[in-house]
Amino acid sequence: KQLVVVMIVCRWNMAQSSVHSVSNRNLCTIFVEHCRRFPELKGATDDSEEAYADLGIEQEENCLARAQFYWDMCSNTYIQPIVVRFNPTGRHTSYPDSILVEQIAKHHESYVASYAREHSRSSVDDMLREMGLSLTTVRFILPASVPIPEAEDLRPPSRGKCWTRVLMCHLVPHFSGTGDDVDKAYEKDGVGENETACLGRARFYWELCGSDIFQQAETTYLPSGARSVHPADEEVQNALLARARGVRGGGG
C-alpha cells in the first residue's frame, strides 16, 4: 500500500509539473538582434520549455539571467547584446551592459574612421601587388538582397563556389561586401573544388583588406556549406575586452 501511495504522489507531482510548465509561459521574452552562431534565432521569442521546467523562469532574477546565457550561446561580440524582459513586471536587462556597449561602439566608430583615413585609396595598387593580384582584378560582389545559397545561379558554371564576406575592406574598398572569389583563385588555387583551399581565403581577404582585428572575413564553401572566419571570434572578443578596459580607464 505504501508503494502505491508513493507512485500516486509521484504521478501527481509530475502532472502538476507538466501543468505548471505549460500554464506559466510567456513570462520571459528574449530579444535577439544578432546571433552569430544561430542566425535563425533573430527576433523576439519566449524562452524554451526546458528553461521553464528546470530553471525557475517564473522568478524575475532567473529570467533576466538568461541574457548572458543567450549571448554566450550566440558567441556574440560586445556590440551585439542580448535583451531579456520579464513580462509580469516589465523589467528588462541587456548583456553586456548597455552603457558599456555604447561606449565601446563609439570608441570603435572612431577607430574605424581613423583607420580609413590612415590607409588612403592610393595604397590600393600596392596592396593588390603585394597579395599577388593584378591591378585589373575584379571581384563579383553579391547584391544585398540575394542570399549566398542562391548566389551560384548568378555566376558561370565554374564559379560561384567560394564566397567571402568582408563588411569593410579598408585597403581595397571595391572588394567590400559578400563576393565570389577572383578568377586567379579558381584557376591557380582550386577554390572551386577544394574546400580547404576555399576556407583559407578568409585569412587572405582579411590581410588584403588591412588586417583590422575588428573586421572579420567570413568564407563559405558553397558545395558543402562549410564556413571559416578570420580572425577567430575569440581573438576579436579579447581585443574588444582590451578596448573595453581602455574605455573604462579613459585610455585611447
# chains A, B, ... in the order shown; residues from 1 in each chain; ligands from 1

call {"tool": "select_by_dssp", "arguments": {"residues": "stretch 23-245 of chain A", "states": "alpha helix (DSSP H)", "output": "PyMOL selection string"}}
result
chain A and resi 23+49-54+60-64+66-74+98-118+124-130+183-188+195-199+201-208+233-245

call {"tool": "write_last_selection", "arguments": {"atoms": "C-alpha atoms", "output": "mmCIF file, in the first residue's frame"}}
result
data_model
loop_
_atom_site.group_PDB
_atom_site.id
_atom_site.type_symbol
_atom_site.label_atom_id
_atom_site.label_comp_id
_atom_site.auth_asym_id
_atom_site.auth_seq_id
_atom_site.Cartn_x
_atom_site.Cartn_y
_atom_site.Cartn_z
ATOM 1 C CA SER A 23 0.435 27.378 -17.929
ATOM 2 C CA GLU A 49 10.285 24.801 -22.397
ATOM 3 C CA GLU A 50 13.390 23.386 -20.725
ATOM 4 C CA ALA A 51 14.138 26.749 -19.132
ATOM 5 C CA TYR A 52 10.628 26.980 -17.715
ATOM 6 C CA ALA A 53 10.705 23.397 -16.453
ATOM 7 C CA ASP A 54 14.196 23.382 -14.925
ATOM 8 C CA GLU A 60 12.414 37.598 -12.280
ATOM 9 C CA GLU A 61 16.112 37.176 -11.467
ATOM 10 C CA ASN A 62 16.242 33.770 -13.178
ATOM 11 C CA CYS A 63 14.622 35.160 -16.303
ATOM 12 C CA LEU A 64 16.917 38.176 -16.540
ATOM 13 C CA ARG A 66 19.133 34.340 -19.425
ATOM 14 C CA ALA A 67 20.531 37.357 -21.285
ATOM 15 C CA GLN A 68 24.082 36.232 -20.580
ATOM 16 C CA PHE A 69 23.215 32.609 -21.419
ATOM 17 C CA TYR A 70 21.944 33.544 -24.898
ATOM 18 C CA TRP A 71 24.827 35.958 -25.504
ATOM 19 C CA ASP A 72 27.338 33.195 -24.698
ATOM 20 C CA MET A 73 25.426 30.667 -26.804
ATOM 21 C CA CYS A 74 25.395 33.030 -29.795
ATOM 22 C CA SER A 98 24.128 48.776 -22.424
ATOM 23 C CA ILE A 99 26.246 51.663 -21.130
ATOM 24 C CA LEU A 100 29.466 49.761 -21.782
ATOM 25 C CA VAL A 101 28.227 48.683 -25.214
ATOM 26 C CA GLU A 102 27.532 52.295 -26.169
ATOM 27 C CA GLN A 103 30.990 53.367 -25.011
ATOM 28 C CA ILE A 104 32.683 50.591 -26.976
ATOM 29 C CA ALA A 105 30.592 51.311 -30.087
ATOM 30 C CA LYS A 106 31.559 54.995 -30.095
ATOM 31 C CA HIS A 107 35.196 54.127 -29.497
ATOM 32 C CA HIS A 108 35.106 51.583 -32.312
ATOM 33 C CA GLU A 109 33.497 54.016 -34.764
ATOM 34 C CA SER A 110 36.275 56.491 -34.032
ATOM 35 C CA TYR A 111 38.860 53.763 -34.548
ATOM 36 C CA VAL A 112 37.410 52.689 -37.912
ATOM 37 C CA ALA A 113 37.246 56.282 -39.133
ATOM 38 C CA SER A 114 40.882 56.943 -38.217
ATOM 39 C CA TYR A 115 41.971 53.629 -39.772
ATOM 40 C CA ALA A 116 40.290 54.507 -43.066
ATOM 41 C CA ARG A 117 41.958 57.936 -43.109
ATOM 42 C CA GLU A 118 45.398 56.464 -42.492
ATOM 43 C CA VAL A 124 45.130 50.038 -53.313
ATOM 44 C CA ASP A 125 47.553 49.274 -56.164
ATOM 45 C CA ASP A 126 50.370 48.485 -53.740
ATOM 46 C CA MET A 127 48.148 46.125 -51.747
ATOM 47 C CA LEU A 128 46.929 44.272 -54.831
ATOM 48 C CA ARG A 129 50.511 43.777 -55.995
ATOM 49 C CA GLU A 130 51.636 42.642 -52.551
ATOM 50 C CA ASP A 183 39.495 34.187 -61.231
ATOM 51 C CA LYS A 184 43.097 33.567 -60.166
ATOM 52 C CA ALA A 185 41.937 31.760 -57.005
ATOM 53 C CA TYR A 186 39.770 29.411 -59.073
ATOM 54 C CA GLU A 187 42.416 28.806 -61.715
ATOM 55 C CA LYS A 188 45.564 28.566 -59.569
ATOM 56 C CA GLU A 195 37.158 23.044 -49.550
ATOM 57 C CA THR A 196 40.357 23.643 -47.586
ATOM 58 C CA ALA A 197 41.728 25.983 -50.236
ATOM 59 C CA CYS A 198 38.491 27.930 -50.257
ATOM 60 C CA LEU A 199 38.202 28.265 -46.475
ATOM 61 C CA ARG A 201 40.661 32.575 -48.269
ATOM 62 C CA ALA A 202 39.168 34.148 -45.161
ATOM 63 C CA ARG A 203 42.682 34.914 -43.928
ATOM 64 C CA PHE A 204 43.767 36.038 -47.407
ATOM 65 C CA TYR A 205 40.988 38.626 -47.667
ATOM 66 C CA TRP A 206 41.489 39.774 -44.081
ATOM 67 C CA GLU A 207 45.155 40.507 -44.846
ATOM 68 C CA LEU A 208 44.308 42.051 -48.223
ATOM 69 C CA ASP A 233 35.845 35.029 -32.616
ATOM 70 C CA GLU A 234 37.988 34.532 -29.522
ATOM 71 C CA GLU A 235 40.659 36.893 -30.856
ATOM 72 C CA VAL A 236 38.069 39.557 -31.578
ATOM 73 C CA GLN A 237 36.491 39.110 -28.139
ATOM 74 C CA ASN A 238 39.874 39.530 -26.475
ATOM 75 C CA ALA A 239 40.546 42.674 -28.492
ATOM 76 C CA LEU A 240 37.124 44.047 -27.562
ATOM 77 C CA LEU A 241 37.742 43.286 -23.897
ATOM 78 C CA ALA A 242 41.058 45.110 -24.067
ATOM 79 C CA ARG A 243 39.338 48.041 -25.745
ATOM 80 C CA ALA A 244 36.598 47.996 -23.094
ATOM 81 C CA ARG A 245 39.198 48.240 -20.373
#

call {"tool": "closest_residue", "arguments": {"among": "A:Pro231, A:Gly160, A:Gly43, A:Gly132", "to": "A:Ile30", "atoms": "only C-alpha atoms"}}
result
A:Gly43

call {"tool": "atom_distance", "arguments": {"atom1": "atom CA of A:Leu27", "atom2": "atom CA of A:Thr45"}}
result
10.5 Å

call {"tool": "select_by_dssp", "arguments": {"residues": "stretch 37-209 of chain A", "states": "strand (DSSP E or B)", "output": "list of chain:residue names"}}
result
A:Gly43, A:Ala44, A:Thr45, A:Asp46, A:Ile82, A:Val83, A:Val84, A:Arg85, A:Phe86, A:Arg91, A:His92, A:Thr93, A:Ser94, A:Tyr95, A:Ile141, A:Cys162, A:Trp163, A:Thr164, A:Arg165, A:Val166, A:Gly177, A:Thr178, A:Gly179, A:Asp180

call {"tool": "write_last_selection", "arguments": {"atoms": "N, CA, C and O atoms", "output": "short mmCIF file (atom, residue, chain, number, x, y, z; two decimals), in the first residue's frame"}}
result
data_model
loop_
_atom_site.label_atom_id
_atom_site.label_comp_id
_atom_site.auth_asym_id
_atom_site.auth_seq_id
_atom_site.Cartn_x
_atom_site.Cartn_y
_atom_site.Cartn_z
N GLY A 43 15.08 37.79 -33.54
CA GLY A 43 13.70 38.19 -33.28
C GLY A 43 13.37 38.10 -31.80
O GLY A 43 14.24 37.90 -30.95
N ALA A 44 12.08 38.25 -31.48
CA ALA A 44 11.61 38.16 -30.09
C ALA A 44 10.90 36.83 -29.89
O ALA A 44 10.03 36.46 -30.69
N THR A 45 11.29 36.11 -28.84
CA THR A 45 10.69 34.80 -28.61
C THR A 45 10.62 34.48 -27.12
O THR A 45 11.41 35.02 -26.33
N ASP A 46 9.67 33.65 -26.75
CA ASP A 46 9.58 33.18 -25.37
C ASP A 46 10.75 32.22 -25.10
O ASP A 46 11.27 31.59 -26.03
N ILE A 82 22.30 40.92 -26.01
CA ILE A 82 21.02 40.22 -25.95
C ILE A 82 20.17 40.90 -24.88
O ILE A 82 20.65 41.20 -23.79
N VAL A 83 18.90 41.16 -25.20
CA VAL A 83 17.98 41.81 -24.26
C VAL A 83 16.93 40.80 -23.81
O VAL A 83 16.41 40.03 -24.62
N VAL A 84 16.64 40.81 -22.51
CA VAL A 84 15.62 39.92 -21.94
C VAL A 84 14.64 40.76 -21.12
O VAL A 84 15.06 41.67 -20.39
N ARG A 85 13.35 40.46 -21.26
CA ARG A 85 12.32 41.17 -20.49
C ARG A 85 11.50 40.18 -19.67
O ARG A 85 11.06 39.15 -20.19
N PHE A 86 11.33 40.49 -18.37
CA PHE A 86 10.45 39.70 -17.51
C PHE A 86 9.07 40.35 -17.60
O PHE A 86 8.82 41.42 -17.03
N ARG A 91 10.32 44.58 -16.28
CA ARG A 91 11.74 44.87 -16.12
C ARG A 91 12.53 44.15 -17.20
O ARG A 91 12.22 43.02 -17.55
N HIS A 92 13.56 44.81 -17.71
CA HIS A 92 14.39 44.19 -18.73
C HIS A 92 15.85 44.49 -18.46
O HIS A 92 16.20 45.41 -17.70
N THR A 93 16.69 43.68 -19.07
CA THR A 93 18.14 43.87 -18.94
C THR A 93 18.80 43.46 -20.23
O THR A 93 18.21 42.77 -21.06
N SER A 94 20.01 43.93 -20.44
CA SER A 94 20.78 43.53 -21.61
C SER A 94 22.13 43.01 -21.15
O SER A 94 22.64 43.41 -20.10
N TYR A 95 22.67 42.12 -21.94
CA TYR A 95 24.02 41.62 -21.68
C TYR A 95 24.78 41.63 -23.00
O TYR A 95 24.30 41.07 -23.99
N ILE A 141 30.63 41.09 -56.56
CA ILE A 141 30.01 41.38 -55.27
C ILE A 141 28.53 41.05 -55.36
O ILE A 141 27.82 41.52 -56.26
N CYS A 162 32.97 29.68 -53.95
CA CYS A 162 33.74 30.14 -52.79
C CYS A 162 33.47 31.63 -52.55
O CYS A 162 33.92 32.48 -53.31
N TRP A 163 32.72 31.91 -51.49
CA TRP A 163 32.26 33.27 -51.22
C TRP A 163 32.87 33.79 -49.92
O TRP A 163 32.90 33.09 -48.91
N THR A 164 33.33 35.04 -49.95
CA THR A 164 33.89 35.65 -48.75
C THR A 164 33.20 36.98 -48.46
O THR A 164 33.01 37.80 -49.36
N ARG A 165 32.84 37.14 -47.19
CA ARG A 165 32.13 38.35 -46.75
C ARG A 165 33.09 39.23 -45.96
O ARG A 165 33.65 38.81 -44.95
N VAL A 166 33.30 40.45 -46.44
CA VAL A 166 34.11 41.45 -45.75
C VAL A 166 33.28 42.73 -45.70
O VAL A 166 33.06 43.37 -46.73
N GLY A 177 32.03 43.78 -49.10
CA GLY A 177 30.77 43.09 -49.33
C GLY A 177 30.95 41.59 -49.36
O GLY A 177 32.01 41.05 -49.02
N THR A 178 29.91 40.89 -49.77
CA THR A 178 29.97 39.44 -49.94
C THR A 178 30.22 39.14 -51.40
O THR A 178 29.41 39.50 -52.26
N GLY A 179 31.37 38.51 -51.69
CA GLY A 179 31.72 38.32 -53.09
C GLY A 179 32.30 36.96 -53.41
O GLY A 179 32.85 36.28 -52.54
N ASP A 180 32.15 36.59 -54.67
CA ASP A 180 32.77 35.37 -55.17
C ASP A 180 34.28 35.61 -55.26
O ASP A 180 34.74 36.75 -55.38
#

call {"tool": "atom_distance", "arguments": {"atom1": "atom CA of A:Phe175", "atom2": "atom CA of A:Val32"}}
result
29.4 Å

call {"tool": "closest_residue", "arguments": {"among": "A:Ser228, A:Ser176, A:Asn194, A:Gln59", "to": "A:Gln215", "atoms": "only C-alpha atoms"}}
result
A:Ser176

call {"tool": "closest_residue", "arguments": {"among": "A:Thr220, A:Cys209, A:Leu135, A:Asp189", "to": "A:Ile148", "atoms": "only C-alpha atoms"}}
result
A:Thr220

call {"tool": "atom_distance", "arguments": {"atom1": "atom CA of A:Phe140", "atom2": "atom CA of A:Leu167"}}
result
14.5 Å
